[in-house]
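Below is upload_2.cif, holding mmCIF, C-alpha atoms.
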```cif
data_data
#
loop_
_atom_site.label_atom_id
_atom_site.label_comp_id
_atom_site.auth_asym_id
_atom_site.auth_seq_id
_atom_site.Cartn_x
_atom_site.Cartn_y
_atom_site.Cartn_z
CA MET A 1 -12.59 5.71 -21.81
CA GLU A 2 -13.21 8.91 -23.81
CA THR A 3 -10.79 11.74 -23.02
CA SER A 4 -13.51 14.08 -21.65
CA GLU A 5 -14.93 11.24 -19.55
CA LEU A 6 -11.45 10.37 -18.29
CA LEU A 7 -10.66 13.98 -17.32
CA LYS A 8 -13.98 14.22 -15.49
CA ARG A 9 -13.20 11.05 -13.54
CA VAL A 10 -9.65 12.29 -12.77
CA ARG A 11 -11.13 15.55 -11.48
CA GLN A 12 -13.69 13.74 -9.26
CA ILE A 13 -10.99 11.53 -7.76
CA GLU A 14 -8.64 14.49 -7.35
CA ILE A 15 -11.24 16.55 -5.46
CA LYS A 16 -12.25 13.68 -3.17
CA THR A 17 -8.83 12.25 -2.43
CA ARG A 18 -6.94 15.52 -2.19
CA GLY A 19 -9.42 16.71 0.44
CA LEU A 20 -8.99 13.47 2.38
CA SER A 21 -5.21 13.59 2.30
CA ARG A 22 -5.13 17.25 3.30
CA ASN A 23 -7.76 17.20 6.06
CA ILE A 24 -7.49 13.72 7.50
CA PHE A 25 -4.22 12.09 6.63
CA ALA A 26 -1.70 14.91 6.76
CA GLY A 27 -0.64 14.46 10.40
CA GLU A 28 -1.24 10.72 10.51
CA TYR A 29 0.79 10.05 7.36
CA HIS A 30 3.61 12.26 8.61
CA SER A 31 3.94 10.51 11.99
CA ALA A 32 3.53 7.04 10.46
CA PHE A 33 6.20 7.37 7.78
CA LYS A 34 8.51 10.17 8.83
CA GLY A 35 11.36 10.03 11.28
CA ARG A 36 12.45 6.61 10.07
CA GLY A 37 15.77 8.03 8.98
CA MET A 38 17.72 10.47 11.16
CA THR A 39 20.87 12.27 10.13
CA PHE A 40 23.49 13.76 12.47
CA SER A 41 23.32 17.54 12.51
CA GLU A 42 25.58 19.08 15.23
CA VAL A 43 26.55 18.96 18.93
CA ARG A 44 25.62 21.33 21.73
CA GLU A 45 26.01 21.46 25.51
CA TYR A 46 23.86 19.06 27.48
CA GLN A 47 20.65 20.61 28.86
CA TYR A 48 18.37 19.28 31.57
CA GLY A 49 15.93 16.78 30.03
CA ASP A 50 18.16 15.74 27.10
CA ASP A 51 18.33 12.02 26.35
CA ILE A 52 21.59 10.76 27.88
CA ARG A 53 21.85 8.19 25.06
CA ASN A 54 22.71 11.09 22.74
CA ILE A 55 25.77 12.22 24.73
CA ASP A 56 28.82 12.54 22.50
CA TRP A 57 31.54 11.08 24.74
CA ASN A 58 34.48 12.25 22.60
CA VAL A 59 33.42 15.92 22.68
CA THR A 60 32.42 15.58 26.36
CA ALA A 61 35.95 14.30 27.23
CA ARG A 62 37.58 17.11 25.25
CA TYR A 63 35.68 19.93 26.98
CA ASN A 64 35.21 18.30 30.39
CA GLN A 65 31.46 18.88 30.30
CA PRO A 66 28.63 16.93 28.66
CA TYR A 67 27.70 17.55 25.03
CA VAL A 68 24.86 15.88 23.11
CA LYS A 69 24.47 15.03 19.44
CA LEU A 70 21.54 16.64 17.62
CA PHE A 71 19.79 14.78 14.84
CA GLU A 72 17.56 15.94 12.04
CA GLU A 73 14.73 13.97 10.52
CA GLU A 74 15.40 13.01 6.93
CA ARG A 75 12.62 15.02 5.39
CA GLU A 76 12.24 13.53 1.98
CA LEU A 77 10.79 10.09 1.49
CA THR A 78 10.38 8.09 -1.66
CA VAL A 79 7.00 6.38 -1.76
CA MET A 80 6.30 3.53 -4.17
CA LEU A 81 2.87 2.13 -5.00
CA LEU A 82 2.97 -1.51 -6.12
CA ILE A 83 -0.42 -1.96 -7.77
CA ASP A 84 -1.95 -5.30 -8.74
CA VAL A 85 -3.66 -4.94 -12.14
CA SER A 86 -4.46 -8.64 -12.65
CA GLY A 87 -7.92 -9.87 -13.73
CA SER A 88 -9.27 -10.43 -10.23
CA ARG A 89 -9.33 -6.68 -9.50
CA GLU A 90 -12.39 -6.45 -11.77
CA PHE A 91 -14.53 -8.20 -9.16
CA GLY A 92 -17.02 -6.38 -6.96
CA THR A 93 -20.62 -6.91 -5.90
CA ILE A 94 -22.02 -4.24 -3.63
CA SER A 95 -20.87 -0.69 -4.22
CA LYS A 96 -17.45 -0.80 -5.85
CA LEU A 97 -15.17 -2.94 -7.96
CA LYS A 98 -11.84 -3.76 -6.29
CA LYS A 99 -10.25 -1.82 -9.15
CA ASN A 100 -12.10 1.41 -8.20
CA GLN A 101 -11.26 1.03 -4.52
CA ILE A 102 -7.59 0.54 -5.44
CA THR A 103 -7.65 3.68 -7.65
CA GLU A 104 -9.01 5.91 -4.88
CA ILE A 105 -6.66 4.58 -2.20
CA ALA A 106 -3.64 4.99 -4.49
CA ALA A 107 -4.72 8.58 -5.27
CA VAL A 108 -5.09 9.42 -1.56
CA LEU A 109 -1.61 8.06 -0.84
CA ALA A 110 -0.18 9.95 -3.82
CA PHE A 111 -1.64 13.28 -2.63
CA SER A 112 -0.51 12.59 0.95
CA ALA A 113 3.01 12.00 -0.36
CA ILE A 114 3.27 15.25 -2.33
CA GLN A 115 1.82 17.25 0.54
CA ASN A 116 4.78 16.01 2.58
CA ASN A 117 7.16 16.89 -0.25
CA ASP A 118 7.88 13.22 -0.96
CA LYS A 119 8.57 11.62 -4.30
CA ILE A 120 6.11 9.03 -5.52
CA GLY A 121 6.40 6.30 -8.13
CA VAL A 122 4.26 3.38 -9.30
CA ILE A 123 4.78 -0.19 -10.45
CA PHE A 124 1.74 -1.79 -12.14
CA PHE A 125 2.03 -5.59 -12.10
CA SER A 126 0.17 -8.74 -13.16
CA ASP A 127 2.33 -11.83 -13.54
CA LYS A 128 4.63 -9.46 -15.45
CA ILE A 129 5.78 -5.90 -14.77
CA GLU A 130 3.19 -3.98 -16.80
CA LYS A 131 4.46 -0.42 -16.26
CA PHE A 132 7.00 1.46 -14.14
CA ILE A 133 6.53 5.17 -13.39
CA PRO A 134 9.75 6.39 -11.72
CA PRO A 135 9.37 8.41 -8.49
CA LYS A 136 9.00 12.16 -8.92
CA LYS A 137 7.35 15.13 -7.19
CA GLY A 138 4.68 17.54 -8.34
CA LYS A 139 1.01 17.79 -9.14
CA SER A 140 1.26 17.03 -12.87
CA HIS A 141 3.08 13.80 -11.96
CA ILE A 142 0.24 12.85 -9.54
CA LEU A 143 -2.40 13.54 -12.18
CA GLN A 144 -0.50 11.35 -14.65
CA ILE A 145 -0.56 8.56 -12.04
CA ILE A 146 -4.33 8.97 -11.49
CA ARG A 147 -4.96 8.92 -15.26
CA GLU A 148 -2.99 5.68 -15.51
CA LEU A 149 -4.86 4.18 -12.54
CA ILE A 150 -8.20 4.83 -14.23
CA ASN A 151 -7.32 3.95 -17.79
CA PHE A 152 -4.53 1.39 -17.62
CA LYS A 153 -5.12 -1.82 -19.61
CA PRO A 154 -2.80 -4.64 -18.55
CA GLU A 155 -1.50 -7.13 -21.11
CA HIS A 156 -1.73 -10.09 -18.73
CA ARG A 157 -4.44 -11.25 -16.32
CA ASN A 158 -2.59 -13.52 -13.88
CA THR A 159 -0.75 -12.48 -10.68
CA ASP A 160 2.87 -12.82 -9.53
CA ILE A 161 3.46 -10.75 -6.40
CA GLY A 162 6.93 -12.25 -5.82
CA ASN A 163 8.09 -11.07 -9.25
CA ALA A 164 6.84 -7.52 -8.55
CA LEU A 165 8.65 -7.39 -5.19
CA ARG A 166 11.90 -8.63 -6.74
CA TYR A 167 11.61 -5.95 -9.44
CA LEU A 168 11.09 -3.28 -6.74
CA THR A 169 14.30 -4.26 -4.93
CA GLN A 170 16.22 -4.11 -8.22
CA VAL A 171 14.99 -0.74 -9.54
CA ILE A 172 14.69 1.28 -6.31
CA LYS A 173 18.15 1.40 -4.77
CA LYS A 174 17.51 3.78 -1.86
CA ARG A 175 15.25 2.71 1.01
CA CYS A 176 11.65 3.72 0.35
CA THR A 177 8.16 3.25 1.77
CA THR A 178 6.17 0.88 -0.45
CA PHE A 179 2.44 0.23 -0.41
CA VAL A 180 1.56 -3.12 -2.01
CA ILE A 181 -2.10 -2.76 -3.06
CA SER A 182 -3.58 -6.11 -4.06
CA ASP A 183 -6.16 -8.77 -3.20
CA PHE A 184 -3.16 -11.07 -2.56
CA ILE A 185 -4.82 -13.99 -4.37
CA ASP A 186 -1.46 -15.60 -5.11
CA ASP A 187 1.00 -18.06 -3.55
CA GLY A 188 4.71 -18.39 -3.05
CA PHE A 189 5.68 -14.75 -2.47
CA GLU A 190 6.71 -15.10 1.22
CA ASN A 191 10.49 -15.03 0.58
CA ALA A 192 10.31 -12.07 -1.78
CA LEU A 193 8.15 -10.21 0.77
CA THR A 194 10.66 -10.78 3.60
CA ILE A 195 13.65 -9.75 1.44
CA ALA A 196 11.89 -6.62 0.11
CA ASN A 197 10.84 -5.59 3.62
CA LYS A 198 14.45 -5.77 4.82
CA LYS A 199 15.52 -3.31 2.15
CA HIS A 200 12.39 -1.13 2.11
CA ASP A 201 9.55 -0.26 4.47
CA LEU A 202 6.65 -2.36 3.14
CA VAL A 203 2.95 -1.91 3.90
CA ALA A 204 0.28 -4.30 2.56
CA LEU A 205 -3.19 -3.03 1.67
CA LYS A 206 -5.40 -6.06 1.05
CA ILE A 207 -8.51 -5.22 -0.97
CA PHE A 208 -11.32 -7.79 -0.97
CA ASP A 209 -15.03 -8.11 -1.64
CA LYS A 210 -17.65 -9.44 0.77
CA ARG A 211 -18.74 -12.04 -1.78
CA GLU A 212 -15.24 -13.51 -1.82
CA GLN A 213 -15.68 -14.51 1.82
CA GLU A 214 -18.93 -16.39 1.44
CA ILE A 215 -21.28 -17.51 -1.33
CA PRO A 216 -24.99 -16.70 -0.93
CA SER A 217 -27.61 -19.44 -1.52
CA ILE A 218 -28.97 -18.45 -4.94
CA GLY A 219 -29.14 -21.79 -6.77
CA LEU A 220 -27.06 -22.86 -9.75
CA ILE A 221 -24.65 -20.15 -10.93
CA LYS A 222 -22.06 -19.93 -13.66
CA ILE A 223 -18.82 -18.34 -12.49
CA LYS A 224 -15.81 -17.14 -14.43
CA ASP A 225 -12.24 -17.13 -13.14
CA ALA A 226 -11.17 -13.53 -13.85
CA GLU A 227 -7.53 -14.53 -14.27
CA THR A 228 -7.77 -17.72 -16.36
CA GLY A 229 -11.05 -16.92 -18.14
CA GLU A 230 -12.41 -20.41 -17.38
CA TYR A 231 -16.10 -20.95 -16.56
CA SER A 232 -17.60 -23.43 -14.10
CA TRP A 233 -21.02 -24.15 -12.59
CA ILE A 234 -21.61 -24.07 -8.82
CA ASP A 235 -24.73 -25.17 -6.95
CA THR A 236 -24.89 -22.49 -4.25
CA SER A 237 -28.04 -23.99 -2.68
CA ASN A 238 -25.87 -26.92 -1.53
CA LYS A 239 -24.92 -26.16 2.07
CA LYS A 240 -21.75 -28.27 1.85
CA VAL A 241 -20.52 -26.32 -1.17
CA ARG A 242 -20.99 -23.02 0.68
CA LYS A 243 -19.37 -24.40 3.83
CA ASN A 244 -16.33 -25.76 1.95
CA TYR A 245 -15.87 -22.47 0.14
CA ALA A 246 -16.09 -20.43 3.39
CA LYS A 247 -13.50 -22.76 4.99
CA TRP A 248 -11.17 -22.42 1.98
CA TRP A 249 -11.38 -18.62 2.19
CA SER A 250 -10.83 -18.58 5.95
CA ASP A 251 -7.77 -20.89 5.71
CA LYS A 252 -6.32 -18.75 2.91
CA ASP A 253 -6.91 -15.58 4.95
CA ASN A 254 -5.23 -17.02 8.07
CA GLN A 255 -2.26 -18.17 6.00
CA LEU A 256 -1.89 -14.67 4.54
CA THR A 257 -2.07 -13.05 7.99
CA GLU A 258 0.69 -15.42 9.15
CA THR A 259 2.82 -14.54 6.09
CA PHE A 260 2.61 -10.80 6.86
CA LYS A 261 3.38 -11.43 10.52
CA LYS A 262 6.47 -13.55 9.78
CA SER A 263 7.89 -11.06 7.29
CA GLY A 264 7.17 -8.08 9.60
CA VAL A 265 4.89 -6.31 7.13
CA ASP A 266 2.05 -4.09 8.43
CA VAL A 267 -1.31 -4.82 6.79
CA ALA A 268 -4.72 -3.18 6.47
CA ASN A 269 -7.67 -5.29 5.27
CA ILE A 270 -10.04 -3.13 3.22
CA ARG A 271 -13.42 -4.39 1.97
CA THR A 272 -14.88 -2.85 -1.19
CA ASP A 273 -18.18 -1.90 0.50
CA GLN A 274 -16.53 -0.36 3.56
CA ASP A 275 -14.91 3.00 4.21
CA TYR A 276 -11.19 2.75 3.42
CA VAL A 277 -10.51 6.00 5.30
CA ARG A 278 -11.01 4.30 8.67
CA SER A 279 -8.76 1.38 7.76
CA LEU A 280 -5.96 3.69 6.58
CA ILE A 281 -6.15 5.97 9.63
CA ALA A 282 -6.06 2.92 11.94
CA LEU A 283 -2.98 1.65 10.06
CA PHE A 284 -1.24 5.05 10.22
CA LYS A 285 -1.99 5.33 13.96
CA ARG A 286 -0.55 1.87 14.64
CA ARG A 287 2.62 2.80 12.82
CA GLY A 288 2.87 6.26 14.38
CA HIS A 289 3.21 4.89 17.93
#
```
Would you put the structure from the file into structure tokens?
Amino acid sequence: METSELLKRVRQIEIKTRGLSRNIFAGEYHSAFKGRGMTFSEVREYQYGDDIRNIDWNVTARYNQPYVKLFEEERELTVMLLIDVSGSREFGTISKLKKNQITEIAAVLAFSAIQNNDKIGVIFFSDKIEKFIPPKKGKSHILQIIRELINFKPEHRNTDIGNALRYLTQVIKKRCTTFVISDFIDDGFENALTIANKKHDLVALKIFDKREQEIPSIGLIKIKDAETGEYSWIDTSNKKVRKNYAKWWSDKDNQLTETFKKSGVDVANIRTDQDYVRSLIALFKRRGH
């Protein structure tokens, strides 16, 4: 992409996503991801209405009257975006490629993070770690991330989610909130997901296209596997072909839902032709309760 074209696109995404994160997500993001860590601050005398679970029994015994511990929310979070840049992100049929949807969502999360004074970093992955941007604060850092999201060209086209999760647990030592943004067209990452979610707070954002769920009846079509580059012909007018494909997708989807459930990872399913704002707010609300 030409530099002027790239800057224009960065500006468009900045205006749209910054507005969203400021007007819509600010409170939701805060309640969904803050307050996970609490640090001890001081003690004071018990007052009517205090939670009795916070009574400090040692101080209470010393002064012969009840004292409670006060805690402070750990204000600063580190947020990591684990972004799938494999070949399949270049698919899309109605209004948006998966890649463009991923870019906007990542930008919204990045702006939400800096508005809450959090650090944000990114790991781009295919079946290799393509790029690591260490977590930092500040607007220039966010704009660098958005530029990379728009213009990044991966070296590989396949997917290895397990490898990306293992890399995350190695490079980020302190507990962080991690958004894994992918279509999750991959297998064998269940263990890595469970382990990473024990160390960090993981959230899955599954991006998919309507046409991946079902094939329309439009006769003989030539399709290309975005990750392997292989072509094959499919007769979409054959009802059995369409039915088998729909069943394969449904089974895969159920299996993925089960994987997230078992590993305790929250998930939002976001379709390329639908409004991601609703999905994200619903996810934030679920987590905020």
* Could you expand the PyMOL selection byres ((chain A and resi 134-146) around 10) into the explicit residues it covers here, written as an MDAnalysis selection string? => chainID A and resid 6:7 9:11 13:14 78:81 103:104 106:108 110:111 113:115 117:123 131:133 147:152 171:172
* Hey, can you check how far CA of Leu220 (chain A) sits from CA of Asn244 (chain A)? ->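 These two atoms are separated by 16.1 Å.
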Written as a short mmCIF file (atom, residue, chain, number, x, y, z; two decimals) with C-alpha atoms, in the frame of the given file, which residues does the PyMOL selection byres ((chain A and resi 200) around 9) give for the file shown?
```cif
data_model
loop_
_atom_site.label_atom_id
_atom_site.label_comp_id
_atom_site.auth_asym_id
_atom_site.auth_seq_id
_atom_site.Cartn_x
_atom_site.Cartn_y
_atom_site.Cartn_z
CA THR A 169 14.30 -4.26 -4.93
CA LYS A 174 17.51 3.78 -1.86
CA ARG A 175 15.25 2.71 1.01
CA CYS A 176 11.65 3.72 0.35
CA THR A 177 8.16 3.25 1.77
CA THR A 178 6.17 0.88 -0.45
CA ILE A 195 13.65 -9.75 1.44
CA ALA A 196 11.89 -6.62 0.11
CA ASN A 197 10.84 -5.59 3.62
CA LYS A 198 14.45 -5.77 4.82
CA LYS A 199 15.52 -3.31 2.15
CA ASP A 201 9.55 -0.26 4.47
CA LEU A 202 6.65 -2.36 3.14
#
```
Residue neighbourhood Leu256 (chain A), 10 Å, only C-alpha atoms, exclusion window fewer than 6 positions, as a PDB file with C-alpha atoms, keeping the file's coordinate frame:
```pdb
ATOM      1  CA  PHE A 184      -3.160 -11.070  -2.560  1.00  0.00           C
ATOM      2  CA  ILE A 185      -4.820 -13.990  -4.370  1.00  0.00           C
ATOM      3  CA  ASP A 186      -1.460 -15.600  -5.110  1.00  0.00           C
ATOM      4  CA  ASP A 187       1.000 -18.060  -3.550  1.00  0.00           C
ATOM      5  CA  GLU A 190       6.710 -15.100   1.220  1.00  0.00           C
ATOM      6  CA  LYS A 206      -5.400  -6.060   1.050  1.00  0.00           C
ATOM      7  CA  SER A 250     -10.830 -18.580   5.950  1.00  0.00           C
ATOM      8  CA  LYS A 262       6.470 -13.550   9.780  1.00  0.00           C
TER       9      LYS A 262
END
```
* To do: Apply the PyMOL selection byres ((chain A and resi 249) around 12) to the displayed file and report the matching residues as a ChimeraX atom specification.
  => /A:185,208-215,242-248,250-256
* Write out as a PyMOL selection string which residues come within 12 Å of Thr60 (chain A) when counting all atoms listed in the file, dropping same-chain ones fewer than 4 positions away. => chain A and resi 43-46+52+54-56+64-69
* To do: Mind giving me the straight-line distance from CA of Ile221 (chain A) to CA of Leu97 (chain A) in Å, one decimal?
  =>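 Between CA of Ile221 (chain A) and CA of Leu97 (chain A) the gap is 19.9 Å.
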* Hey, can you check how far CA of Asp183 (chain A) sits from CA of Ile129 (chain A)? -> 16.9 Å
* To do: List the neighbours of Gly288 (chain A) out to 6 Å using all atoms listed in the file; skip same-chain residues closer than 4 positions along the sequence, and give me the result as an MDAnalysis selection string.
  => chainID A and resid 31:32 284
Do a neighbour search on Asp84 (chain A) at 8 Å with all atoms listed in the file, toss out local chain neighbours closer than 6 positions, and write the hits as a PDB file with C-alpha atoms, keeping the file's coordinate frame.
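Below you can see result-v4.pdb, which holds the result:
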```pdb
ATOM      1  CA  PHE A 124       1.740  -1.790 -12.140  1.00  0.00           C
ATOM      2  CA  PHE A 125       2.030  -5.590 -12.100  1.00  0.00           C
ATOM      3  CA  SER A 126       0.170  -8.740 -13.160  1.00  0.00           C
ATOM      4  CA  THR A 159      -0.750 -12.480 -10.680  1.00  0.00           C
ATOM      5  CA  VAL A 180       1.560  -3.120  -2.010  1.00  0.00           C
ATOM      6  CA  ILE A 181      -2.100  -2.760  -3.060  1.00  0.00           C
ATOM      7  CA  SER A 182      -3.580  -6.110  -4.060  1.00  0.00           C
ATOM      8  CA  ASP A 183      -6.160  -8.770  -3.200  1.00  0.00           C
TER       9      ASP A 183
END
```
* Using only C-alpha atoms, which of the listed residues (A:Arg166, A:Arg287, A:Lys153, A:Arg271) sits closest to Ile102 (chain A)? ->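 Comparing A:Arg166, A:Arg287, A:Lys153, A:Arg271 against Ile102 (chain A), the winner is A:Arg271.
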Would you save region 231-245 of chain A from the block above with N, CA and C atoms, as a PDB file, in the first residue's frame?
```pdb
ATOM      1  N   TYR A 231      -6.006 -25.924  -5.429  1.00  0.00           N
ATOM      2  CA  TYR A 231      -7.320 -25.707  -6.025  1.00  0.00           C
ATOM      3  C   TYR A 231      -8.098 -27.013  -6.085  1.00  0.00           C
ATOM      4  N   SER A 232      -9.424 -26.917  -5.998  1.00  0.00           N
ATOM      5  CA  SER A 232     -10.266 -28.091  -6.246  1.00  0.00           C
ATOM      6  C   SER A 232     -11.619 -27.627  -6.783  1.00  0.00           C
ATOM      7  N   TRP A 233     -12.312 -28.552  -7.473  1.00  0.00           N
ATOM      8  CA  TRP A 233     -13.621 -28.234  -8.034  1.00  0.00           C
ATOM      9  C   TRP A 233     -14.721 -28.807  -7.146  1.00  0.00           C
ATOM     10  N   ILE A 234     -15.785 -28.039  -6.938  1.00  0.00           N
ATOM     11  CA  ILE A 234     -16.921 -28.518  -6.133  1.00  0.00           C
ATOM     12  C   ILE A 234     -18.221 -28.279  -6.910  1.00  0.00           C
ATOM     13  N   ASP A 235     -19.063 -29.295  -6.947  1.00  0.00           N
ATOM     14  CA  ASP A 235     -20.374 -29.139  -7.576  1.00  0.00           C
ATOM     15  C   ASP A 235     -21.375 -28.688  -6.506  1.00  0.00           C
ATOM     16  N   THR A 236     -21.601 -27.386  -6.427  1.00  0.00           N
ATOM     17  CA  THR A 236     -22.464 -26.856  -5.365  1.00  0.00           C
ATOM     18  C   THR A 236     -23.957 -27.123  -5.615  1.00  0.00           C
ATOM     19  N   SER A 237     -24.305 -27.526  -6.848  1.00  0.00           N
ATOM     20  CA  SER A 237     -25.724 -27.822  -7.112  1.00  0.00           C
ATOM     21  C   SER A 237     -26.118 -29.187  -6.536  1.00  0.00           C
ATOM     22  N   ASN A 238     -25.103 -29.964  -6.132  1.00  0.00           N
ATOM     23  CA  ASN A 238     -25.362 -31.279  -5.514  1.00  0.00           C
ATOM     24  C   ASN A 238     -25.749 -31.066  -4.043  1.00  0.00           C
ATOM     25  N   LYS A 239     -26.983 -31.430  -3.727  1.00  0.00           N
ATOM     26  CA  LYS A 239     -27.527 -31.211  -2.391  1.00  0.00           C
ATOM     27  C   LYS A 239     -26.702 -31.910  -1.317  1.00  0.00           C
ATOM     28  N   LYS A 240     -26.220 -33.125  -1.656  1.00  0.00           N
ATOM     29  CA  LYS A 240     -25.448 -33.915  -0.695  1.00  0.00           C
ATOM     30  C   LYS A 240     -24.125 -33.212  -0.345  1.00  0.00           C
ATOM     31  N   VAL A 241     -23.506 -32.637  -1.359  1.00  0.00           N
ATOM     32  CA  VAL A 241     -22.251 -31.906  -1.158  1.00  0.00           C
ATOM     33  C   VAL A 241     -22.466 -30.746  -0.172  1.00  0.00           C
ATOM     34  N   ARG A 242     -23.547 -29.996  -0.423  1.00  0.00           N
ATOM     35  CA  ARG A 242     -23.855 -28.849   0.455  1.00  0.00           C
ATOM     36  C   ARG A 242     -24.169 -29.310   1.876  1.00  0.00           C
ATOM     37  N   LYS A 243     -24.935 -30.410   1.961  1.00  0.00           N
ATOM     38  CA  LYS A 243     -25.330 -30.938   3.273  1.00  0.00           C
ATOM     39  C   LYS A 243     -24.112 -31.427   4.064  1.00  0.00           C
ATOM     40  N   ASN A 244     -23.233 -32.165   3.382  1.00  0.00           N
ATOM     41  CA  ASN A 244     -22.017 -32.683   4.037  1.00  0.00           C
ATOM     42  C   ASN A 244     -21.122 -31.544   4.534  1.00  0.00           C
ATOM     43  N   TYR A 245     -21.019 -30.502   3.693  1.00  0.00           N
ATOM     44  CA  TYR A 245     -20.191 -29.366   4.088  1.00  0.00           C
ATOM     45  C   TYR A 245     -20.776 -28.676   5.324  1.00  0.00           C
TER      46      TYR A 245
END
```
